[in-house]
Structure formats: structure tokens, C-alpha cells
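Coordinates as given in coords38.txt (compact mmCIF, C-alpha atoms):
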```txt
# COMPACT_ATOMS: atom_id res chain seq x y z
CA VAL U 23 36.23 93.89 -109.65
CA HIS U 24 36.22 91.03 -107.16
CA SER U 25 39.62 91.36 -105.42
CA ALA U 26 39.01 91.07 -101.67
CA SER U 27 41.51 93.80 -100.76
CA ALA U 28 40.13 96.19 -103.40
CA LEU U 29 36.56 95.60 -102.28
CA ARG U 30 37.50 96.29 -98.66
CA ARG U 31 39.10 99.55 -99.78
CA PHE U 32 35.93 100.52 -101.63
CA ASN U 33 33.70 99.17 -98.84
CA ALA U 34 31.72 97.27 -101.48
CA LYS U 35 30.59 93.75 -102.30
CA ARG U 36 31.59 94.27 -105.93
CA VAL U 37 32.50 97.06 -108.34
CA ARG U 38 30.66 97.44 -111.63
CA LEU U 39 32.87 98.74 -114.44
CA LEU U 40 31.09 101.14 -116.81
CA VAL U 41 32.47 100.66 -120.33
CA HIS U 42 31.75 101.97 -123.81
CA PRO U 43 28.23 100.87 -124.88
CA LEU U 44 29.60 99.31 -128.08
CA LEU U 45 31.59 96.77 -126.06
CA VAL U 46 28.59 95.45 -124.14
CA ASN U 47 25.93 95.87 -126.82
CA ALA U 48 27.36 95.44 -130.30
CA PHE U 49 30.15 92.86 -130.51
CA PRO U 50 29.20 89.16 -130.31
CA LEU U 51 31.03 87.07 -127.68
CA ILE U 52 32.78 90.16 -126.31
CA LYS U 53 29.51 91.64 -125.07
CA ASP U 54 28.50 88.33 -123.50
CA TRP U 55 31.87 87.96 -121.80
CA LEU U 56 31.83 91.52 -120.43
CA ARG U 57 28.25 91.25 -119.20
CA THR U 58 29.13 87.96 -117.49
CA LEU U 59 31.84 89.89 -115.66
CA GLY U 60 29.18 92.35 -114.52
CA GLN U 61 30.23 95.28 -116.69
CA LEU U 62 27.61 97.82 -117.75
CA PRO U 63 27.24 100.31 -120.61
CA CYS U 64 28.47 103.77 -119.67
CA ASP U 65 25.46 106.02 -120.20
CA ARG U 66 23.69 108.40 -117.81
CA ALA U 67 20.59 106.29 -117.26
CA THR U 68 22.45 103.04 -116.61
CA ALA U 69 25.02 104.65 -114.34
CA PHE U 70 22.41 106.51 -112.29
CA GLY U 71 20.24 103.42 -112.00
CA ALA U 72 23.15 101.29 -110.81
CA LEU U 73 24.22 103.85 -108.20
CA ALA U 74 20.63 104.42 -107.06
CA SER U 75 20.25 100.68 -106.48
CA GLY U 76 23.31 100.65 -104.21
CA GLU U 77 25.93 99.41 -106.68
CA THR U 78 29.53 100.63 -106.59
CA CYS U 79 30.66 101.69 -110.07
CA ALA U 80 33.99 102.46 -111.70
CA ILE U 81 34.22 104.87 -114.61
CA VAL U 82 36.98 106.30 -116.81
CA PRO U 83 36.01 110.01 -116.88
CA GLY U 84 38.23 110.73 -119.90
CA GLY U 85 36.34 108.17 -121.98
CA VAL U 86 37.36 107.64 -125.59
CA ARG U 87 39.75 110.61 -125.60
CA GLU U 88 41.78 108.95 -122.85
CA VAL U 89 41.45 105.27 -123.75
CA VAL U 90 42.66 105.77 -127.31
CA TRP U 91 46.09 106.81 -125.95
CA ALA U 92 46.61 103.42 -124.29
CA GLY U 93 49.71 101.75 -125.62
CA ARG U 94 51.70 104.94 -126.11
CA VAL U 95 55.02 104.64 -124.32
CA ASP U 96 56.00 108.30 -123.88
CA LYS U 97 53.68 109.40 -121.06
CA GLU U 98 50.40 108.83 -119.21
CA ARG U 99 47.47 111.00 -120.31
CA LEU U 100 44.38 111.94 -118.34
CA TYR U 101 41.46 113.99 -119.62
CA LEU U 102 39.71 115.66 -116.70
CA SER U 103 39.87 119.42 -117.19
CA ASP U 104 36.57 119.70 -119.10
CA VAL U 105 34.83 116.49 -117.94
CA TYR U 106 32.08 117.19 -115.41
CA GLY U 107 29.51 114.46 -115.98
CA PHE U 108 30.87 112.10 -113.32
CA ALA U 109 30.79 114.87 -110.70
CA ARG U 110 27.20 115.76 -111.60
CA LEU U 111 26.27 112.06 -111.39
CA ALA U 112 27.79 111.80 -107.91
CA ILE U 113 25.73 114.76 -106.67
CA ARG U 114 22.52 113.43 -108.23
CA SER U 115 22.98 109.96 -106.73
CA GLY U 116 24.73 110.87 -103.48
CA ALA U 117 27.53 108.39 -104.23
CA PRO U 118 30.98 109.42 -102.97
CA LEU U 119 33.79 109.84 -105.48
CA VAL U 120 36.85 107.66 -104.85
CA PRO U 121 40.03 108.82 -106.67
CA THR U 122 41.57 105.75 -108.28
CA TYR U 123 44.40 105.18 -110.74
CA THR U 124 45.87 101.94 -112.09
CA PHE U 125 49.55 102.10 -113.00
CA GLY U 126 50.52 99.85 -115.90
CA GLU U 127 47.05 99.65 -117.39
CA SER U 128 47.85 101.89 -120.36
CA LEU U 129 50.50 99.39 -121.50
CA SER U 130 48.72 96.24 -120.33
CA MET U 131 47.70 95.34 -123.88
CA GLY U 132 51.16 95.95 -125.27
CA PRO U 133 52.89 99.05 -126.69
CA ASP U 134 51.28 100.64 -129.72
CA TRP U 135 53.92 100.78 -132.44
CA VAL U 136 51.44 100.49 -135.31
CA PRO U 137 51.72 103.38 -137.81
CA GLY U 138 48.83 105.76 -138.35
CA PHE U 139 48.11 106.60 -134.72
CA GLU U 140 47.04 110.19 -135.44
CA THR U 141 44.53 108.96 -138.03
CA ARG U 142 43.13 106.40 -135.59
CA ARG U 143 42.95 109.00 -132.83
CA LYS U 144 41.02 111.47 -134.98
CA LEU U 145 38.64 108.74 -136.15
CA SER U 146 38.08 107.69 -132.55
CA TYR U 147 37.17 111.25 -131.58
CA LEU U 148 34.94 111.64 -134.63
CA LEU U 149 33.08 108.35 -134.09
CA ASN U 150 33.23 108.48 -130.28
CA ALA U 151 34.57 104.92 -130.33
CA PRO U 152 38.05 103.78 -129.25
CA ILE U 153 39.99 102.56 -132.28
CA ARG U 154 43.20 101.37 -130.73
CA PHE U 155 45.88 98.77 -131.19
CA VAL U 156 45.63 95.56 -129.16
CA SER U 157 48.67 93.31 -129.06
CA LEU U 158 48.17 89.71 -130.16
CA CYS U 159 50.97 88.63 -127.80
CA GLN U 160 48.85 88.55 -124.68
CA ARG U 161 49.20 86.30 -121.68
CA TRP U 162 48.16 82.74 -122.67
CA CYS U 163 47.16 84.17 -126.09
CA ALA U 164 44.03 85.53 -124.40
CA PRO U 165 42.88 89.09 -123.64
CA PHE U 166 44.58 89.24 -120.24
CA PRO U 167 46.97 92.07 -119.35
CA ASN U 168 50.72 91.80 -119.61
CA GLY U 169 52.88 92.86 -116.70
CA ARG U 170 51.93 93.96 -113.23
CA LEU U 171 49.07 96.35 -112.52
CA VAL U 172 49.15 98.45 -109.36
CA THR U 173 46.00 100.36 -108.35
CA ALA U 174 46.23 103.37 -106.04
CA VAL U 175 43.00 104.23 -104.21
CA GLY U 176 42.40 107.50 -102.39
CA ALA U 177 39.94 108.53 -99.69
CA PRO U 178 36.25 108.93 -100.67
CA ILE U 179 35.01 112.44 -101.40
CA ASP U 180 31.53 113.22 -100.07
CA PRO U 181 29.46 114.96 -102.79
CA GLY U 182 27.13 116.51 -100.19
CA PRO U 183 23.33 116.53 -100.23
CA ILE U 184 21.57 114.85 -103.14
CA ASP U 185 20.42 117.33 -105.77
CA ASP U 186 18.83 116.22 -109.05
CA SER U 187 19.69 119.55 -110.69
CA PRO U 188 22.96 120.75 -109.14
CA SER U 189 24.29 124.19 -110.03
CA ARG U 190 27.27 124.55 -112.30
CA ALA U 191 29.27 126.05 -109.43
CA ARG U 192 28.61 123.06 -107.17
CA VAL U 193 29.53 120.57 -109.90
CA LYS U 194 32.73 122.48 -110.62
CA ALA U 195 33.65 122.59 -106.92
CA LEU U 196 33.29 118.81 -106.59
CA HIS U 197 35.21 118.31 -109.84
CA THR U 198 38.06 120.47 -108.52
CA ALA U 199 38.14 118.54 -105.25
CA TYR U 200 38.38 115.26 -107.18
CA VAL U 201 41.14 116.49 -109.51
CA ASP U 202 43.16 117.81 -106.53
CA ALA U 203 42.73 114.51 -104.64
CA LEU U 204 43.74 112.46 -107.68
CA THR U 205 46.78 114.66 -108.28
CA ASP U 206 47.87 114.20 -104.65
CA LEU U 207 47.33 110.44 -105.02
CA LEU U 208 49.51 110.27 -108.12
CA LEU U 209 52.26 112.39 -106.56
CA ASP U 210 52.23 110.25 -103.41
CA ALA U 211 52.40 107.05 -105.46
CA ALA U 212 55.32 108.45 -107.46
CA ARG U 213 57.10 109.39 -104.23
CA ARG U 214 56.58 105.90 -102.84
CA ARG U 215 57.91 104.38 -106.04
CA ARG U 216 61.03 106.54 -105.92
CA LEU U 217 61.57 105.56 -102.28
CA GLY U 218 61.11 101.91 -103.18
CA GLU U 219 63.59 102.15 -106.04
CA ALA U 220 66.07 103.94 -103.79
CA ALA U 221 65.69 101.24 -101.12
CA ARG U 222 66.22 98.48 -103.66
CA ALA U 223 69.24 100.29 -105.10
CA LEU U 224 70.63 100.68 -101.59
CA GLY U 225 70.10 96.99 -100.95
CA ARG U 226 71.92 96.07 -104.14
CA SER U 227 74.81 98.40 -103.36
CA GLN U 228 75.14 97.00 -99.85
CA THR U 229 75.17 93.48 -101.25
CA GLN U 230 77.67 94.46 -103.87
CA TYR U 231 80.20 95.87 -101.40
CA VAL U 232 80.05 93.23 -98.69
CA CYS U 233 83.55 91.88 -98.33
CA PRO U 234 83.71 88.10 -98.67
CA GLY U 235 85.40 86.14 -95.94
CA THR U 236 88.93 84.89 -96.50
CA SER U 237 89.77 81.22 -96.46
```
Let me see whether you can do it: turn the structure in this file into C-alpha cells.
Amino acid sequence: VHSASALRRFNAKRVRLLVHPLLVNAFPLIKDWLRTLGQLPCDRATAFGALASGETCAIVPGGVREVVWAGRVDKERLYLSDVYGFARLAIRSGAPLVPTYTFGESLSMGPDWVPGFETRRKLSYLLNAPIRFVSLCQRWCAPFPNGRLVTAVGAPIDPGPIDDSPSRARVKALHTAYVDALTDLLLDAARRRRLGEAARALGRSQTQYVCPGTS
């Protein structure tokens, strides 16, 4: 991530995206492209090393279970209820957790209308690798997202003193604080969107009912 406004919000020089190890280790060209962008494999050792060296990292806590749902048009899905690794990592490294959500990302590669989704989902879970549909009708026929992406960023959550072996209770408390903050962020963003839509609708209605002058 190199957007100036996003980096100011994160108080960082750059943000390293932690992605599935297959993407940055196994596939020719793709791995070179992602590494050129500064993305790193999402494993404990790499993530801890990056944070310990002062890097700012972004992670999708839901991992494969969440990513495989991208492209579904019925609803957004987050997997956080039983995911504690990112909270434990924050306590071990001392890095604050910043609740973040990007609206539009799940459909940025096009809607998934390809049959056999349940089979692909189960295979993804079994292999721990995202097997998902990617639209060939991308912007400029390249792997760039379609549509507009809007990222909501919340306030950082201090994980407290560094502890290399945090208790389960402490990890769960930080996890709960993060989930609550992310929920509030999503609700606030939804409220702002509804207000924006109402304002635009009001503007259209006012324009519609302005009486034209007579000649």
C-alpha cells in the first residue's frame, strides 16, 4: 500500500500485505510481481519478523475461508469468531491492531457465477488454498480491480505490554476488542453511506421539482 492518505492514517511509510504463501512462492510471474509490490508470505515467522523490524503489515484474519467467498453477490462474509492468531501476534510483537475494511473488494474481480461453488469451497478448505473464480473481464484486460474500492480505517488498538507467551484470556480479550471495534466501524460506514444516499436522493428530488421560469 503506497497511497499517501492511507499511509498517513496508518502512520507508516508503507504497508506490507501478507498473502497466501502459494502466491508469493509457487506461481511463476505472479510471485515475482507480488514480491515486487512488497507483499510477503503469511506465516508466523515472516509476520513476526516484519513487525519486529518496524514494518506495518496488513492481514486478512479469515484467510482462505474468507477469501474463497469473494465474488458472491448475496452478502459480505467475515471469519473472525474463532481466529486468534493475529491477536496473539500483536501481543508478541507489540504492534497495535488497526481495524480496517475495504468495501467493494469482494466483487473487485467480478461476480462469481461459475457453477460448482460448493465443490470449490470445500476443496479450498481441504487444501488450505483459495480456489476461486477470477473474471477475465478486468480493467485493461489486466488483474486490476473493477469498480471503486473504499477503505474504512478505525483507531489503533493498543495490545498492551509485549509478551512472547500471552495467556489465552489476554488473547481473547484483545480479539474481542478488535471484533467490537471492527463492528462499530462497519456500522458507522453503513450509516454514512445511508446518509450519503439520502442526501443524493434529496438533491435529485429538489432538482426534479424546481419550477422552470416562464418565457
Per residue of stretch 65-135 of chain U within 7 Å of stretch 189-206 of chain U, record the nearest atom pair and its distance in Å to one decimal, counting only C-alpha atoms, with rows in chain order and ascending residue number, as a tab-separated table.
```
residue	atom	partner	partner_atom	distance
U:Tyr106	CA	U:His197	CA	6.5
U:Ala109	CA	U:His197	CA	5.7
U:Arg110	CA	U:Val193	CA	5.6
U:Pro121	CA	U:Leu204	CA	5.3
```
What separates atom CA of U:Val41 and atom CA of U:Cys64 is a distance of 5.1 Å
Using all atoms of stretch 63-82 of chain U listed in the file and a margin of 3 Å per side, can you give the axis-aligned box centre and edge lengths in Å to one decimal, as AutoDock Vina command-line options?
```
--center_x 28.6 --center_y 103.9 --center_z -112.4 --size_x 22.7 --size_y 15.0 --size_z 22.4
```
Around (29.1, 100.9, -127.0), as given in the file, which residues come within 10 Å? Count all atoms listed in the file and list them as a ChimeraX atom specification. /U:41-49,53,62-65,150-152
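For the set U:Glu140, U:Leu111, U:Gly76, U:Val82, the residue with the smallest atom-to-atom gap to U:Arg94 is U:Glu140, counting only C-alpha atoms.
In this structure, atom CA of U:Gly176 sits 6.3 Å away from atom CA of U:Leu207.
Relative to atom CA of U:Leu39, atom CA of U:Asp54 is found at 14.5 Å.
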Nearest-residue call for U:Cys79, choices U:Ser128, U:Thr141, U:Thr58, U:Thr122, using all atoms listed in the file: U:Thr122
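Of the residues listed (U:Ala34, U:Ala212, U:Val89, U:Ala112), U:Ala112 shows the shortest atom-to-atom separation from U:Pro188; distances use all atoms listed in the file.
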Closest of U:Gly93, U:Gly107, U:Gly60, U:Pro178 to U:Val120 - atom-to-atom distances counting all atoms listed in the file: U:Pro178
Counting all atoms listed in the file, figure out which residue out of U:Ser146, U:Ala80, U:Lys97, U:Ile179 gets nearest to U:Pro133. U:Lys97
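Of the residues listed (U:Leu208, U:Ile184, U:Ala92, U:Ala74), U:Ala92 shows the shortest atom-to-atom separation from U:Trp135; distances use all atoms listed in the file.
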